[in-house]
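Asks: Dropping in query-v8.txt, which is compact mmCIF, C-alpha atoms:
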```
# COMPACT_ATOMS: atom_id res chain seq x y z
CA MET K 1 -12.65 -19.72 -33.05
CA ALA K 2 -11.66 -16.49 -31.31
CA ASP K 3 -11.29 -16.30 -27.55
CA PHE K 4 -14.34 -14.82 -25.82
CA PHE K 5 -12.40 -11.82 -24.53
CA GLN K 6 -10.94 -11.18 -28.00
CA ILE K 7 -14.48 -10.50 -29.14
CA ILE K 8 -16.20 -8.96 -26.14
CA ILE K 9 -13.51 -6.42 -25.20
CA PRO K 10 -13.43 -4.69 -28.63
CA ALA K 11 -17.24 -4.72 -28.70
CA ILE K 12 -17.48 -3.14 -25.24
CA LEU K 13 -14.82 -0.53 -26.01
CA ALA K 14 -16.57 0.27 -29.31
CA PHE K 15 -19.79 0.76 -27.32
CA ILE K 16 -18.05 3.05 -24.84
CA GLY K 17 -16.32 4.98 -27.64
CA THR K 18 -19.60 5.79 -29.38
CA LEU K 19 -21.32 6.55 -26.07
CA TRP K 20 -18.54 8.99 -25.11
CA VAL K 21 -18.23 10.84 -28.40
CA HIS K 22 -21.95 11.01 -29.28
CA PRO K 23 -22.82 14.11 -27.18
CA LYS K 24 -19.71 15.91 -28.48
CA ILE K 25 -20.65 15.25 -32.11
CA LEU K 26 -24.23 16.28 -31.33
CA LYS K 27 -23.04 19.58 -29.86
CA ILE K 28 -20.92 20.31 -32.96
CA ALA K 29 -23.82 19.46 -35.28
CA ILE K 30 -26.15 21.86 -33.44
CA MET K 31 -23.55 24.64 -33.27
CA LYS K 32 -22.76 24.40 -36.99
CA ASP K 33 -26.37 23.76 -38.04
CA LEU K 34 -25.48 20.38 -39.57
CA VAL K 35 -29.05 19.16 -39.59
CA ASP K 36 -31.49 17.35 -41.81
CA ASN K 37 -34.40 19.70 -42.44
CA PRO K 38 -37.93 18.33 -42.96
CA ASP K 39 -39.50 18.41 -46.42
CA VAL K 40 -42.36 16.71 -48.27
CA ARG K 41 -40.33 13.51 -48.74
CA LYS K 42 -38.98 13.15 -45.20
CA LEU K 43 -40.82 11.92 -42.15
CA GLN K 44 -39.40 14.07 -39.35
CA ARG K 45 -41.23 17.26 -38.35
CA SER K 46 -38.24 19.27 -37.14
CA PRO K 47 -34.52 19.60 -38.01
CA VAL K 48 -32.40 16.71 -36.69
CA PRO K 49 -28.56 16.59 -36.50
CA VAL K 50 -27.35 14.32 -39.27
CA ILE K 51 -23.71 13.36 -38.65
CA GLY K 52 -24.23 10.45 -36.27
CA GLY K 53 -22.16 8.22 -38.55
CA ILE K 54 -19.03 9.99 -37.31
CA ALA K 55 -19.75 8.87 -33.74
CA VAL K 56 -20.33 5.27 -34.80
CA PHE K 57 -17.18 5.18 -36.96
CA PHE K 58 -15.19 6.50 -33.99
CA GLY K 59 -16.51 3.65 -31.85
CA ILE K 60 -15.63 1.03 -34.47
CA VAL K 61 -12.06 2.30 -34.75
CA ILE K 62 -11.67 2.32 -30.94
CA GLY K 63 -12.80 -1.31 -30.84
CA LEU K 64 -10.38 -2.34 -33.58
CA CYS K 65 -7.44 -0.46 -32.13
CA SER K 66 -7.99 -2.16 -28.78
CA SER K 67 -7.28 -5.52 -30.39
CA GLN K 68 -4.40 -4.17 -32.51
CA ILE K 69 -6.01 -5.70 -35.59
CA MET K 70 -5.22 -2.62 -37.60
CA PHE K 71 -1.55 -3.33 -37.16
CA ASN K 72 -1.65 -7.12 -37.57
CA SER K 73 -3.88 -7.30 -40.62
CA PRO K 74 -3.21 -5.07 -43.64
CA SER K 75 -6.59 -6.01 -45.15
CA VAL K 76 -8.46 -4.55 -42.16
CA PHE K 77 -6.34 -1.41 -42.26
CA MET K 78 -7.29 -0.99 -45.92
CA LEU K 79 -10.94 -1.58 -45.10
CA ILE K 80 -10.83 1.08 -42.37
CA SER K 81 -9.25 3.45 -44.91
CA ALA K 82 -12.06 2.71 -47.38
CA MET K 83 -14.67 3.25 -44.66
CA LEU K 84 -13.04 6.57 -43.79
CA VAL K 85 -13.30 7.70 -47.42
CA MET K 86 -16.97 6.67 -47.50
CA LEU K 87 -17.59 8.48 -44.20
CA TYR K 88 -16.06 11.62 -45.71
CA VAL K 89 -18.11 11.30 -48.93
CA GLY K 90 -21.33 10.55 -47.07
CA THR K 91 -20.86 13.44 -44.65
CA ILE K 92 -20.27 15.83 -47.55
CA ASP K 93 -23.43 14.44 -49.16
CA ASP K 94 -25.37 15.06 -45.92
CA ILE K 95 -24.23 18.69 -45.93
CA LEU K 96 -23.97 19.61 -49.62
CA ASP K 97 -26.06 16.97 -51.48
CA LEU K 98 -23.73 15.25 -53.96
CA THR K 99 -25.16 14.02 -57.24
CA PRO K 100 -25.94 10.28 -57.52
CA THR K 101 -23.38 10.02 -60.33
CA ILE K 102 -20.50 11.27 -58.17
CA ARG K 103 -21.48 8.94 -55.35
CA PHE K 104 -21.73 5.92 -57.62
CA VAL K 105 -18.34 6.59 -59.19
CA ILE K 106 -16.71 6.85 -55.76
CA GLU K 107 -18.45 3.70 -54.53
CA ILE K 108 -17.30 1.74 -57.58
CA LEU K 109 -13.72 2.96 -57.17
CA ILE K 110 -13.71 2.02 -53.48
CA VAL K 111 -15.05 -1.48 -54.22
CA MET K 112 -12.46 -1.99 -56.98
CA TRP K 113 -9.70 -0.85 -54.63
CA LEU K 114 -10.83 -3.31 -51.94
CA MET K 115 -10.91 -6.14 -54.47
CA TYR K 116 -7.40 -5.25 -55.64
CA ILE K 117 -5.93 -4.92 -52.15
CA ASN K 118 -7.48 -8.15 -50.84
CA ARG K 119 -7.13 -10.08 -54.10
CA SER K 120 -10.67 -11.38 -53.65
CA SER K 121 -14.10 -11.01 -55.20
CA ILE K 122 -17.46 -12.77 -55.37
CA ASN K 123 -16.07 -15.55 -57.54
CA CYS K 124 -17.69 -18.68 -56.11
CA PHE K 125 -21.37 -19.69 -55.89
CA TRP K 126 -20.54 -22.64 -53.62
CA GLY K 127 -22.76 -25.18 -55.38
CA LEU K 128 -25.75 -22.99 -56.24
CA TRP K 129 -27.11 -24.32 -59.58
CA GLY K 130 -24.09 -26.61 -59.62
CA VAL K 131 -21.71 -23.64 -60.01
CA ASP K 132 -18.56 -23.16 -57.97
CA ILE K 133 -15.69 -21.00 -59.26
CA ILE K 134 -16.56 -18.39 -61.89
CA SER K 135 -14.18 -16.47 -64.14
CA ASN K 136 -12.85 -12.99 -63.43
CA TRP K 137 -14.76 -11.68 -66.45
CA ILE K 138 -17.95 -12.48 -64.56
CA SER K 139 -16.86 -12.17 -60.92
CA ILE K 140 -15.42 -8.65 -61.11
CA PRO K 141 -18.49 -6.91 -62.62
CA LEU K 142 -20.73 -9.10 -60.43
CA THR K 143 -18.85 -8.02 -57.31
CA ILE K 144 -19.09 -4.34 -58.26
CA PHE K 145 -22.80 -4.63 -59.04
CA ALA K 146 -23.64 -6.60 -55.90
CA THR K 147 -21.57 -4.60 -53.41
CA VAL K 148 -22.55 -1.17 -54.75
CA GLY K 149 -26.14 -2.41 -54.63
CA ILE K 150 -25.72 -3.45 -50.98
CA ILE K 151 -24.14 -0.11 -50.07
CA ASN K 152 -27.05 1.81 -51.55
CA ALA K 153 -29.70 -0.58 -50.22
CA ILE K 154 -28.48 0.01 -46.67
CA ASN K 155 -28.35 3.74 -47.37
CA LEU K 156 -31.94 3.78 -48.61
CA ILE K 157 -33.50 2.05 -45.58
CA ASP K 158 -32.42 4.98 -43.41
CA GLY K 159 -35.90 6.50 -43.35
CA VAL K 160 -37.29 6.07 -39.83
CA ASN K 161 -35.75 6.16 -36.38
CA GLY K 162 -33.73 3.07 -35.58
CA LEU K 163 -34.26 1.20 -38.84
CA SER K 164 -30.81 1.42 -40.42
CA SER K 165 -28.98 1.17 -37.08
CA GLY K 166 -31.21 -1.68 -35.90
CA TYR K 167 -30.69 -3.54 -39.15
CA CYS K 168 -26.91 -2.99 -39.09
CA PHE K 169 -26.75 -4.29 -35.51
CA MET K 170 -28.67 -7.41 -36.50
CA ALA K 171 -26.57 -8.06 -39.61
CA SER K 172 -23.24 -7.34 -37.87
CA SER K 173 -24.15 -9.70 -35.02
CA ILE K 174 -25.05 -12.48 -37.45
CA PHE K 175 -21.82 -12.05 -39.39
CA ALA K 176 -19.82 -11.99 -36.14
CA ILE K 177 -21.32 -15.35 -35.17
CA ILE K 178 -20.65 -16.87 -38.58
CA PHE K 179 -17.07 -15.61 -38.82
CA ASN K 180 -16.30 -16.71 -35.27
CA ALA K 181 -17.61 -20.21 -35.98
CA THR K 182 -15.30 -20.46 -39.01
CA GLY K 183 -12.24 -19.17 -37.17
CA ASN K 184 -11.98 -15.86 -39.04
CA THR K 185 -10.83 -13.79 -36.05
CA VAL K 186 -10.19 -10.59 -37.98
CA MET K 187 -13.67 -10.38 -39.49
CA THR K 188 -15.24 -11.56 -36.23
CA ILE K 189 -13.76 -8.69 -34.25
CA LEU K 190 -14.62 -6.19 -36.99
CA ALA K 191 -18.26 -7.32 -37.00
CA ALA K 192 -18.39 -7.41 -33.18
CA SER K 193 -16.92 -3.90 -32.95
CA ALA K 194 -19.50 -2.65 -35.45
CA ALA K 195 -22.33 -4.24 -33.45
CA GLY K 196 -21.03 -2.73 -30.21
CA ALA K 197 -20.51 0.73 -31.72
CA ILE K 198 -24.01 0.96 -33.18
CA VAL K 199 -25.90 0.21 -29.94
CA PRO K 200 -25.47 3.63 -28.22
CA PHE K 201 -26.44 5.39 -31.44
CA PHE K 202 -29.50 3.15 -31.80
CA LEU K 203 -30.61 4.00 -28.26
CA HIS K 204 -30.26 7.74 -28.86
CA ASN K 205 -31.90 7.48 -32.29
CA VAL K 206 -34.91 5.57 -30.99
CA PHE K 207 -35.37 6.78 -27.41
CA GLY K 208 -33.62 10.13 -27.38
CA TYR K 209 -35.51 13.40 -27.53
CA ARG K 210 -32.81 16.04 -26.99
CA THR K 211 -29.98 13.66 -27.99
CA ARG K 212 -31.40 12.18 -31.20
CA MET K 213 -29.20 12.20 -34.29
CA PHE K 214 -29.53 10.61 -37.70
CA ILE K 215 -26.71 8.32 -38.78
CA GLY K 216 -26.72 10.10 -42.15
CA ASP K 217 -25.24 9.01 -45.45
CA GLY K 218 -21.83 8.99 -43.80
CA GLY K 219 -22.87 6.24 -41.41
CA THR K 220 -24.86 4.14 -43.88
CA LEU K 221 -22.07 4.25 -46.47
CA VAL K 222 -19.57 3.13 -43.81
CA PHE K 223 -21.74 0.18 -42.85
CA GLY K 224 -22.56 -0.61 -46.47
CA THR K 225 -18.85 -0.79 -47.27
CA MET K 226 -18.19 -3.05 -44.30
CA MET K 227 -21.12 -5.33 -45.15
CA SER K 228 -19.86 -5.57 -48.71
CA MET K 229 -16.51 -6.76 -47.42
CA PHE K 230 -18.26 -9.41 -45.33
CA VAL K 231 -20.11 -10.65 -48.41
CA ILE K 232 -16.93 -10.78 -50.49
CA SER K 233 -15.22 -12.72 -47.70
CA ILE K 234 -18.02 -15.29 -47.59
CA LEU K 235 -18.54 -15.69 -51.35
CA SER K 236 -14.92 -15.72 -52.49
CA SER K 237 -13.11 -18.92 -53.40
CA LYS K 238 -10.95 -18.37 -50.29
CA SER K 239 -13.97 -18.21 -48.01
CA PRO K 240 -13.45 -19.45 -44.45
CA CYS K 241 -17.05 -20.63 -44.60
CA ALA K 242 -16.24 -23.33 -47.16
CA PRO K 243 -16.52 -26.22 -44.66
CA TYR K 244 -20.17 -25.30 -44.13
CA VAL K 245 -21.00 -26.16 -47.74
CA THR K 246 -20.32 -29.85 -47.13
CA ASP K 247 -22.90 -29.70 -44.33
CA GLY K 248 -25.54 -28.47 -46.78
CA ILE K 249 -25.46 -24.76 -46.00
CA GLY K 250 -26.07 -22.56 -49.02
CA LEU K 251 -23.79 -19.56 -48.61
CA VAL K 252 -25.51 -17.54 -51.37
CA PRO K 253 -29.00 -18.15 -49.92
CA PHE K 254 -27.68 -17.25 -46.45
CA VAL K 255 -26.20 -13.94 -47.62
CA LEU K 256 -29.37 -13.14 -49.58
CA ALA K 257 -31.48 -13.84 -46.48
CA VAL K 258 -29.44 -11.44 -44.34
CA PHE K 259 -29.90 -8.64 -46.90
CA ALA K 260 -33.45 -9.63 -47.89
CA ILE K 261 -35.49 -6.54 -47.04
CA PRO K 262 -32.97 -3.79 -47.92
CA VAL K 263 -32.04 -5.37 -51.26
CA PHE K 264 -35.50 -6.47 -52.42
CA ASP K 265 -37.18 -3.24 -51.31
CA THR K 266 -34.55 -1.23 -53.20
CA ILE K 267 -35.08 -3.37 -56.32
CA ARG K 268 -38.85 -2.90 -56.02
CA VAL K 269 -38.63 0.88 -55.59
CA MET K 270 -36.19 1.39 -58.47
CA THR K 271 -38.15 -0.95 -60.74
CA MET K 272 -41.40 0.92 -60.14
CA ARG K 273 -39.70 4.27 -60.75
CA ILE K 274 -38.40 3.05 -64.10
CA ILE K 275 -41.83 1.61 -65.03
CA HIS K 276 -43.38 5.02 -64.31
CA GLY K 277 -40.82 6.79 -66.48
CA LYS K 278 -38.77 8.26 -63.62
CA SER K 279 -35.10 8.06 -62.80
CA PRO K 280 -34.39 5.07 -60.51
CA PHE K 281 -32.58 7.55 -58.23
CA SER K 282 -35.38 10.11 -57.99
CA PRO K 283 -36.51 10.50 -54.36
CA ASP K 284 -40.05 9.57 -53.40
CA LYS K 285 -42.06 8.01 -50.56
CA THR K 286 -42.56 4.49 -51.87
CA HIS K 287 -40.21 2.53 -49.60
CA LEU K 288 -41.56 -0.14 -47.30
CA HIS K 289 -41.06 2.06 -44.24
CA HIS K 290 -43.23 4.76 -45.85
CA LEU K 291 -46.00 2.18 -46.26
CA PHE K 292 -45.95 1.29 -42.56
CA ILE K 293 -46.07 4.98 -41.61
CA ASP K 294 -49.06 5.45 -43.95
CA LEU K 295 -50.80 2.58 -42.14
CA GLY K 296 -50.44 4.46 -38.87
CA PHE K 297 -47.40 2.67 -37.44
CA SER K 298 -45.02 4.71 -35.31
CA HIS K 299 -41.33 5.00 -36.23
CA THR K 300 -40.48 2.35 -33.65
CA GLY K 301 -43.33 0.12 -34.74
CA THR K 302 -42.17 0.44 -38.34
CA THR K 303 -38.59 -0.42 -37.41
CA LEU K 304 -39.61 -3.48 -35.38
CA SER K 305 -41.97 -4.68 -38.11
CA ILE K 306 -39.37 -4.46 -40.88
CA LEU K 307 -36.66 -6.07 -38.77
CA PHE K 308 -39.13 -8.84 -37.94
CA LEU K 309 -39.79 -9.39 -41.65
CA ASN K 310 -36.06 -9.70 -42.33
CA ALA K 311 -35.63 -12.06 -39.37
CA LEU K 312 -38.52 -14.12 -40.74
CA VAL K 313 -36.69 -14.58 -44.05
CA ILE K 314 -33.52 -15.63 -42.21
CA ALA K 315 -35.56 -18.08 -40.13
CA ALA K 316 -37.13 -19.53 -43.30
CA TRP K 317 -33.65 -20.10 -44.74
CA PHE K 318 -32.47 -21.75 -41.52
CA ILE K 319 -35.50 -24.06 -41.36
CA ALA K 320 -34.97 -25.01 -45.00
CA TYR K 321 -31.32 -25.83 -44.31
CA LYS K 322 -32.14 -27.83 -41.17
CA SER K 323 -34.83 -29.71 -43.10
CA GLY K 324 -32.22 -30.92 -45.56
CA ALA K 325 -33.28 -28.72 -48.47
CA SER K 326 -30.79 -28.51 -51.32
CA ILE K 327 -28.80 -25.32 -51.85
CA ASP K 328 -30.95 -24.50 -54.87
CA LEU K 329 -34.17 -24.98 -52.88
CA GLN K 330 -32.78 -22.84 -50.03
CA PHE K 331 -32.20 -20.06 -52.59
CA TYR K 332 -35.71 -20.34 -54.05
CA ILE K 333 -37.29 -20.26 -50.58
CA VAL K 334 -35.31 -17.16 -49.58
CA PHE K 335 -36.09 -15.46 -52.89
CA ALA K 336 -39.81 -16.23 -52.58
CA MET K 337 -39.98 -15.06 -48.95
CA SER K 338 -38.08 -11.86 -49.77
CA PHE K 339 -40.38 -11.16 -52.74
CA ILE K 340 -43.49 -11.72 -50.63
CA ALA K 341 -42.17 -9.54 -47.78
CA THR K 342 -41.51 -6.61 -50.10
CA PHE K 343 -43.24 -6.69 -53.51
CA ILE K 344 -46.41 -8.58 -52.51
CA LEU K 345 -46.79 -6.97 -49.10
CA TYR K 346 -46.38 -3.47 -50.51
CA LYS K 347 -48.83 -4.11 -53.36
CA CYS K 348 -51.53 -5.62 -51.12
CA ALA K 349 -51.25 -3.05 -48.34
CA SER K 350 -51.07 -0.04 -50.68
CA ASP K 351 -54.15 -1.35 -52.52
CA GLN K 352 -55.96 -1.53 -49.18
CA ILE K 353 -55.05 2.10 -48.47
CA ARG K 354 -56.03 3.32 -51.93
CA LYS K 355 -59.32 1.39 -52.11
CA ASN K 356 -60.16 1.62 -48.39
CA GLY K 357 -60.30 -2.17 -48.42
CA LYS K 358 -61.74 -4.58 -45.88
CA CYS K 359 -58.36 -5.32 -44.28
CA LEU K 360 -57.37 -1.67 -43.85
CA ALA K 361 -59.03 -1.27 -40.44
CA ALA K 362 -57.22 -4.36 -39.13
CA LEU K 363 -53.87 -3.09 -40.43
CA GLN K 364 -54.45 0.32 -38.89
CA LYS K 365 -55.38 -1.31 -35.57
CA ILE K 366 -52.05 -3.16 -35.59
CA GLY K 367 -50.39 0.15 -36.34
CA ARG K 368 -52.00 1.79 -33.32
CA ILE K 369 -50.89 -1.09 -31.10
CA MET K 370 -47.30 -0.52 -32.28
CA HIS K 371 -47.21 2.99 -30.76
CA PHE K 372 -44.86 2.73 -27.80
CA GLU K 373 -43.54 6.29 -27.64
CA LYS K 374 -46.17 7.70 -25.28
CA LYS K 375 -46.11 4.86 -22.77
CA GLY K 376 -44.67 5.31 -19.25
CA VAL K 377 -41.74 2.88 -19.58
CA TRP K 378 -40.73 4.48 -22.85
CA LEU K 379 -40.63 7.94 -21.28
CA LYS K 380 -38.50 6.64 -18.41
CA ILE K 381 -35.98 5.15 -20.84
CA GLN K 382 -36.03 8.41 -22.80
CA ARG K 383 -35.09 10.40 -19.71
CA ILE K 384 -32.20 8.04 -18.99
CA VAL K 385 -30.90 8.12 -22.58
CA ASP K 386 -31.11 11.91 -22.76
CA LYS K 387 -28.72 12.15 -19.79
CA PHE K 388 -25.88 10.60 -21.81
```
Show the structure stored in the file as structure tokens.
Replies:
Amino acid sequence: MADFFQIIIPAILAFIGTLWVHPKILKIAIMKDLVDNPDVRKLQRSPVPVIGGIAVFFGIVIGLCSSQIMFNSPSVFMLISAMLVMLYVGTIDDILDLTPTIRFVIEILIVMWLMYINRSSINCFWGLWGVDIISNWISIPLTIFATVGIINAINLIDGVNGLSSGYCFMASSIFAIIFNATGNTVMTILAASAAGAIVPFFLHNVFGYRTRMFIGDGGTLVFGTMMSMFVISILSSKSPCAPYVTDGIGLVPFVLAVFAIPVFDTIRVMTMRIIHGKSPFSPDKTHLHHLFIDLGFSHTGTTLSILFLNALVIAAWFIAYKSGASIDLQFYIVFAMSFIATFILYKCASDQIRKNGKCLAALQKIGRIMHFEKKGVWLKIQRIVDKF
């Protein structure tokens, strides 16, 4: 287990790094007109600077450099290099709109490079369905499919203020706790630095008026790459989390619970596009966050609701584990909860909207309650955030 100061100092410095560089990146974005313009698919009403991922990446690197991890661990240095490539690709996509094919090819190459450098992959199910080690013929394509899926799932939840950054803070914090408990200092500090770096951006993204920026594809691809590395670390045969398996913890169900909403909502959206004869990558307004907006929720209300749903799935997994459920049963509970929170919820609520059902008024009332932006305390926080 890492020393407290080994964790907290990089996290604080990452926070300060993002806080310091954010207004400078914002100024550049405005000067160069690097903004996300509104259209029929997007939810903002005015152009918003879109290169916030650069500020967050800067904070992460500051946090890592403070602990000298980049020099003591070649694997982390390689991960930072991969994140830098993804930041570059995502920022270009924000400005020039790359094709999905180009992005997918680059993502696959980056994942393959990380697997090669670290000599690790998702090659162990840790007792799920009685399976432990799996062959390279299965693990390599599985790793590519799963990690590229995670990268794009995190990218696709970036639809309302605070959702992607709030989710990444929650996931990074959870992984920091898990890695610290298993003695994986390198991954602990990486996750803690990521959590610290994302907080100032989250505050500006949610509360800011003049200082709001979107994290952009650059930021979501950076976090997606980092999250993928966390998953590989946990589900590889060299996992530091192995001792937990003997205590009855299902590592696969745990990972699935952390990524429940982004992954299942992405699967639902792409499945429905294919069923309707469209490309799975064609943009539309059928994500879960669009549904909450249609019900009258504010951006903040939507973000809090979706994060609550994901936390609910994680809580269900934890209760199942504490109740002595088998690893298989933990997986089925997480799968069922994730399916209900995305597929079933979307179907029921969208039917209520389309048919003007009996529950629609109640859902819309909840949506109105979730409007915080015009309240006095909110405006006070907004004024404070806009000063930084």
Asks: Interatomic distance between atom CA of Leu87 of chain K and atom CA of Gly218 of chain K?
Replies: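 Distance reported for this atom pair: 4.3 Å.
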Asks: With 8 Å added on each side, what axis-aligned box encloses every listed atom of segment 260-270 of chain K? Give the centre and edge lengths in Å to one decimal, as JSON.
Replies:
```
{"center_x": -35.4, "center_y": -4.1, "center_z": -52.8, "size_x": 22.8, "size_y": 27.0, "size_z": 27.4}
```
Asks: Hey, can you check how far atom CA of Val21 of chain K sits from atom CA of Ile384 of chain K?
Replies: 17.1 Å
Asks: Please provide the set of residues having any atom within 8 Å of segment 96-107 of chain K, restricted to only C-alpha atoms, with same-chain residues fewer than 4 positions apart removed, written as an mmCIF file with C-alpha atoms, in the frame of the given file.
Replies:
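Result file is selection.cif:
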```cif
data_model
loop_
_atom_site.group_PDB
_atom_site.id
_atom_site.type_symbol
_atom_site.label_atom_id
_atom_site.label_comp_id
_atom_site.auth_asym_id
_atom_site.auth_seq_id
_atom_site.Cartn_x
_atom_site.Cartn_y
_atom_site.Cartn_z
ATOM 1 C CA MET K 86 -16.970 6.670 -47.500
ATOM 2 C CA VAL K 89 -18.110 11.300 -48.930
ATOM 3 C CA ILE K 92 -20.270 15.830 -47.550
ATOM 4 C CA VAL K 111 -15.050 -1.480 -54.220
ATOM 5 C CA VAL K 148 -22.550 -1.170 -54.750
ATOM 6 C CA PHE K 281 -32.580 7.550 -58.230
#
```
Asks: Considering only C-alpha atoms, can you say which of K:Ile366, K:Ala153, K:Ile327, K:Ile333 comes closest to Val131 of chain K?
Replies: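 Of all the options, K:Ile327 lies closest to Val131 of chain K.
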